[in-house]
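Okay, so here's the structure we're looking at.
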Amino acid sequence: MWVKIARIILRNRIAFLISIALITVFMAYQATKVEMSYEYAALLPKSDTASIESEKFKSIFGQENSMIIIGVQDKDFYQLDKFNDWLALGDSLKNIKGIDAHMSLGSAYTLKKNKKEKKFDIIRLFPSKLESQKQLDSLAKKAESLPIYYGTLLNKDAHTYSLFVTVNAKTMASKKRVKVVQEIKDRADAFAQKHKLKLHYSGMPYIRVQSAEMIKSEMMMFILLSLFITALILFLFFRSFKIVGFCMLIIGISVIWAVGSMAILGFKITLLTAMLPPLLIVIGIPNSVFMVNKFHGEFAIHRNKIKALQRMIRKIGNATLLTNLTTASGFATFIITSSTILVEFGLVAALNIMLVFILSLILIPCIFSLIAPPSPKQISHLKNRMVKGFVDKLVSLVLSKRTYLYITAFLIIVFSAIGMTRMKSTGFMVDDLPHDNPLVQDLKFFEKNFDGILPLEVMVDVKKKGKVLSLSTLRRLDKLDKSISKSPNISNSLSVVTGLKYLNQTYYNGKEKYFKLPTSTTKNFVMSYLLHTNLDGGKNKNMAAFNSFVDKNKQYARLSFRVKDIGTDKMALMEKDVISKINKIFPSSKYNITCTGSSILFYRGTKYLVKNLASSLMLAVFIIALFMAWMFNSKRMVVVALIPNIIPLLFTAALMGYLGVPIKASTILVFSIAFGISVDDTIHFLAKYRQELQVTGWNIKKSVVFALKETGQSMMYTSIILFFGFGIFSLSNFGGTVSLGILVSITLLAAMFSNLVILPSLLMSLDKMITNKAFKEPLLQIYNEEEDIDLEELKIDTSKYIIDIENEESVYIPKDKTIE
C-alpha cells in the first residue's frame, strides 16, 4: 500500500502542491470568519437536569446574569461635586447604545404614599443635579434609611457603593459587546481618575468579555512562541535553515487549516480551542522530525534523493500513521463527555492532528524532491556524538542495571500512590486567573462588601395561578429568604417579598421598622395601592424590576441570591443545605422548587466534567491498546507496552497531590493528552524492535539494543520539542492553561525516560514470554527500515553475522573468511 502511495505522491507532486495551496487559500478565508466566544462555556449537556431547569427558569424570568457591576469604596462619597459626577456617570452609561438600564443609589427611586389617589407615587431619590451640600446630605440620609437597597446598592458600614449596568442580551451575543464594555470602563475610569478613586468591575458579562480578550491576545502569543521554540530546536538538531523553513511552512499551513475548520464547523474560540493552533504546532513537528530523519538516513546510504523519499514513505508510513491515530484518539475521547466546549475541542483537535499527518506525508516528499539534495552538513546530525553517548549510557543501564531500574520504578509507584491520596477535586469560577489579576481582586472586593456576585436563583412553583401573592406563600418565601441568607456565603435575596416589604414601609410613611411583610389586615390596603401604581414607571425602567420576580400568571416566584466563589466542594455542600431548607418550608407535595443560577451550573458542570474526563481517559487507554493490538497482534506485548506509559501518569498525579494542584477540568485533560502522545514513542520503538528480530534471527537482546540505538535519537528529539512546546503554556495568565502546559511537559519527559529504559528492560527480562510468534507476525506489516527488499525473500544466515553493539553495526563475514 505504501509503495503505491509513495509513487502517487512523487509522480503527482505539482498537482498536490497546487491543490494544497488552493485549499490553504480557502481555509485562510474561512479563518477570517472565526469568532471569539464571549458566552459562559456550557459545561453540562443540554439533557442534564440542571441545564433543563436553567432553560425553564430563563423562559419564565429571562437571563439572570446580564449586569456589569461597578463598585467604589469612599468615606467621602457624599461630596457635592463627586456625587454630581456619579449621577452624571450613571446617566452617561445609560445613553450607551446596547445598555438597557442602569441602577445606582443616585438613580434609585423611592415610593410616596398618595392618600388622595390611593396609590404610590414613584419619585427619584436624587435629582439629576444637586444644588447644595445640604440638599445632598438630607437626601443621602433618606437613601441610607431604605433597607431595600442594603447589600445591593450600598454597604453603609463599609462606605461602599455600587452601580449596576444592564447590557442588552442581543448586544452581548454580538461583536459589539467588546466595544460596549470598553466604553463603560472608559467612562467610569474617567470619573475615577478625576476624583482619584479606585473603581472595581465585575459581573458575568464583564468577566466573560475580559477573559475572552485575554484568550485572544494569548492565542497569537502562543502561536508565535511555539513557532519560535520549535524552529530553534529544529535548527539545533538539523543545522539547516532550509529544513526549518519547510517544516515551519507545513505547520503554518496546518494552523490555517485548523482555524478554518473551526469556522466551517461553526465553532467559536474558547479557552480550550484557543490552545489548538500552538498545540498543533508542537504535536505536528514530530512528524517532520521522524520523516526528515528517515529521509536523511536513507540518503546517507545511497545518495539517491528520490529513492530516499520513496523509502521514507514506505518504511515509516504505517508507524507514523498509527502514532498520529493514537494521539488523535487521546483528544477524540473528549467527545464522549457531551460537554459542548470539550466536544468541540476534541473534534477539532483529532481532525486536525490527522490533517497535519497527511500534510506532512505529502508536502515533505513533494518539497524535498524539488530542491537540492541534502548536503553533508545537513545530514551530520545523524552522527551527533552527544546524543549517541547518551543513548549508549541508556543501553548500558538496560543491559547491566535492570534490577536498579525496577527498584526505582517501584519506588516511583509507591511515591505516586501516596501522592494520589492527597489529590483534591475543586474549582473556582476565576481560579484560572492569577490571584493578583484585577478580575480576581475585584471579585474579592464584591464578595467582601456585597456577599459576592454569582447568581443563585430559587424558583417556586405554587402549582396554581394567582397563589404566589397569597399571604401564606409570601410568609413561606420570607422564611426561606431569612433561612438561606444566614449563610455567610450567601446574600439576602431580592424577590417579590422584598418589594412588598418596601411597599408596606411606604404605606406607613417610610418608617424603617415597617420594612416587613404586611399583615393580613393591611395587605389588602397595600395591594389596592399597588394596583393603582404604574410600577413600570413610564420611562423609569428601574421600577420594572418589581415585575421580574413574579410571572404574569402569578404562579412562579423567584428569589435571587448572590453567592461567593467558594469552590465546587463547598458549593455542593451549600446546595445540599439550601435544598434541605427549601424542603422544610415548601413541601414537595404542594410545591415544585428549582434551584439554579450560574453558581449551580458552574459547580455541577465542573463535577460532571471531572467524572466524564476520567471516563474518557479510560476510553483513551482502551482505544490505544486496541490500536497497538492491531499493530502488534500480541495481547502480552500490549500490556507490557502500557506499563511505561502508565507510570508517568501516576507520577504526574502524585505531583498534583503533593503540590496541591486540584483535579478540575483543565488539569484532568493532561492525562488523556499526555497518554495519547507518549505512547507514540512506544509504537516507534516496538516497530523497530520487531524489525530487528527478523534481521538478527530472533535474538531478543541484540534486537532491543539495535532498536534503542535506532529510535533513541528521534524519541529524544521529539520529546525535547514536546517538552518545551508544551512548556510555553506556563506563560499563560490562566492557571488551568499553566497547569496543563507544565503537567503535560513533565509527563512527556517522564514518559520518554520510561520508554527508553523501562520498556527495553521489560522486553529483555520477560524475554520469550512476550516476544512470541504472534508478535513476529503482526496483523499490520511494518516494512524493514534496513533493506529495500521483500521480507519474504530475505534469508539470513545468522552464523555469518557479527553484531557489533558498540559500533551499532551488523557485519557480514564471507564464507572464505574466518572470525578471529
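Simple scheme: letters A, B, ... for chains in C-alpha cells order, numbers from 1 for residues in each chain, numbers from 1 for ligands in the order shown.
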With DSSP run on the backbone, what are the strand (DSSP E or B) residues within region 364-514 of chain A? I'd like them as a list in words.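 Strand (DSSP E or B) members of region 364-514 of chain A, listed: Ser425, Leu454, Pro455, Leu456, Glu457, Val458, Met459, Val460, Asp461, Ile490 and Leu494 of chain A.
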Find the spatial neighbours of Ile285 (chain A), counting only C-alpha atoms, within a cut-off of 12 Å - ignore same-chain residues fewer than 3 positions away - and output them as a VMD selection string. chain A and resid 226 to 227 229 to 231 233 to 234 243 to 244 246 to 252 254 278 to 282 288 to 292 324 353 356 to 357 359 to 360 364 714 717 to 722 725
Measure the distance from CA of Ile70 (chain A) to CA of Phe446 (chain A) in Å and round it to one decimal.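 According to the coordinates, CA of Ile70 (chain A) and CA of Phe446 (chain A) are separated by 9.4 Å.
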Considering only C-alpha atoms, can you say which of A:Leu87, A:Ile668, A:Leu322, A:Ile484 comes closest to Met423 (chain A)? A:Ile668
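Of the listed residues (A:Phe222, A:Tyr404, A:Tyr78, A:Phe57), A:Phe222 comes nearest to Asn733 (chain A); the distances count only C-alpha atoms.
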So how far away is CA of Ile184 (chain A) from CA of Ser92 (chain A), in Å?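 Straight-line distance from CA of Ser92 (chain A) to CA of Ile184 (chain A) works out to 9.1 Å.
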For a quick check of understanding, using only C-alpha atoms, which of A:Lys702, A:Lys709, A:Leu693, A:Met312 has the smallest distance to Ile362 (chain A)?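 Comparing A:Lys702, A:Lys709, A:Leu693, A:Met312 against Ile362 (chain A), the winner is A:Met312.
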Distance query region 261-264 of chain A at most 7 Å, only C-alpha atoms, self and fewer than 2 positions along chain excluded, as a ChimeraX atom specification: /A:30-31,33-34,257-259,266-268,348
For CA of Tyr150 (chain A) and CA of Phe450 (chain A), the interatomic separation in Å (one decimal):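 CA of Tyr150 (chain A) sits 9.0 Å away from CA of Phe450 (chain A).
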List every residue of region 158-404 of chain A that DSSP, applied to the backbone of this structure, assigns to alpha helix (DSSP H), and report them as an MDAnalysis selection string. chainID A and resid 169:172 176:195 204:238 241:265 276:302 305:332 340:370 385:400 402:404
Show me, as JSON lines, the residues of region 174-276 of chain A having an atom within 10 Å of region 381-385 of chain A, each with the closest atom pair and its distance in Å, using only C-alpha atoms.
{"residue": "A:Leu236", "atom": "CA", "partner": "A:His381", "partner_atom": "CA", "distance": 9.2}
{"residue": "A:Phe237", "atom": "CA", "partner": "A:His381", "partner_atom": "CA", "distance": 6.4}
{"residue": "A:Phe238", "atom": "CA", "partner": "A:His381", "partner_atom": "CA", "distance": 5.9}
{"residue": "A:Arg239", "atom": "CA", "partner": "A:His381", "partner_atom": "CA", "distance": 7.8}
Residues within 12 Å of Leu650 (chain A), please, as a PyMOL selection string. Count only C-alpha atoms; anything in the same chain fewer than 2 positions from it doesn't count. chain A and resi 409-421+423+643-648+652-657+670-671+674-675+743+746-747+750-751
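Proximity ranking of A:Tyr206, A:Val468, A:Asn583, A:Lys119 relative to Phe525 (chain A) places A:Lys119 first, based on only C-alpha atoms.
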Taking a cut-off of 10 Å and counting only C-alpha atoms, can you build a table that, for each residue of region 313-416 of chain A near region 623-629 of chain A, reports the nearest atom pair and how far apart they are in Å (one decimal), sorted by chain then residue number, as a Markdown table?
| residue | atom | partner | partner_atom | distance |
| --- | --- | --- | --- | --- |
| A:Leu322 | CA | A:Phe627 | CA | 7.4 |
| A:Thr323 | CA | A:Phe627 | CA | 9.4 |
| A:Leu325 | CA | A:Phe627 | CA | 8.3 |
| A:Thr326 | CA | A:Ile624 | CA | 5.6 |
| A:Thr327 | CA | A:Ile624 | CA | 8.7 |
| A:Ala328 | CA | A:Ile624 | CA | 9.9 |
| A:Ser329 | CA | A:Ile624 | CA | 7.1 |
| A:Gly330 | CA | A:Ile624 | CA | 8.2 |
| A:Thr333 | CA | A:Ile623 | CA | 9.0 |
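Residues in contact range of Ile663 (chain A), defined as at most 9 Å between only C-alpha atoms, with sequence neighbours fewer than 3 positions away removed, read Met423, Lys424, Ser425, Thr426, Gly427, Val610, Met656, Ser666, Thr667 and Ile668 of chain A.
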Residues near Pro587 (chain A), anyone? I mean within 12 Å using only C-alpha atoms, not counting same-chain ones fewer than 4 positions away, as a PDB file with C-alpha atoms, in the first residue's frame.
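Result file follows (result_19.pdb):
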ATOM      1  CA  VAL A 460     -41.021  28.400  43.450  1.00  0.00           C
ATOM      2  CA  ASP A 461     -43.933  26.917  41.518  1.00  0.00           C
ATOM      3  CA  VAL A 462     -47.096  27.075  43.654  1.00  0.00           C
ATOM      4  CA  THR A 473     -46.961  31.824  50.275  1.00  0.00           C
ATOM      5  CA  ARG A 476     -43.011  30.992  53.367  1.00  0.00           C
ATOM      6  CA  ILE A 579     -32.345  22.237  49.289  1.00  0.00           C
ATOM      7  CA  SER A 580     -32.761  20.891  52.821  1.00  0.00           C
ATOM      8  CA  LYS A 581     -34.085  24.274  53.975  1.00  0.00           C
ATOM      9  CA  ILE A 582     -36.373  24.518  50.942  1.00  0.00           C
ATOM     10  CA  ASN A 583     -37.906  21.106  51.613  1.00  0.00           C
ATOM     11  CA  TYR A 591     -44.729  22.974  45.528  1.00  0.00           C
ATOM     12  CA  ASN A 592     -42.181  22.468  42.776  1.00  0.00           C
ATOM     13  CA  ILE A 593     -38.874  24.116  43.655  1.00  0.00           C
TER      14      ILE A 593
END
Taking into account only C-alpha atoms, which residue in the set A:Ile122, A:Cys366, A:Val639, A:Ile358 is nearest to Arg7 (chain A)? A:Cys366
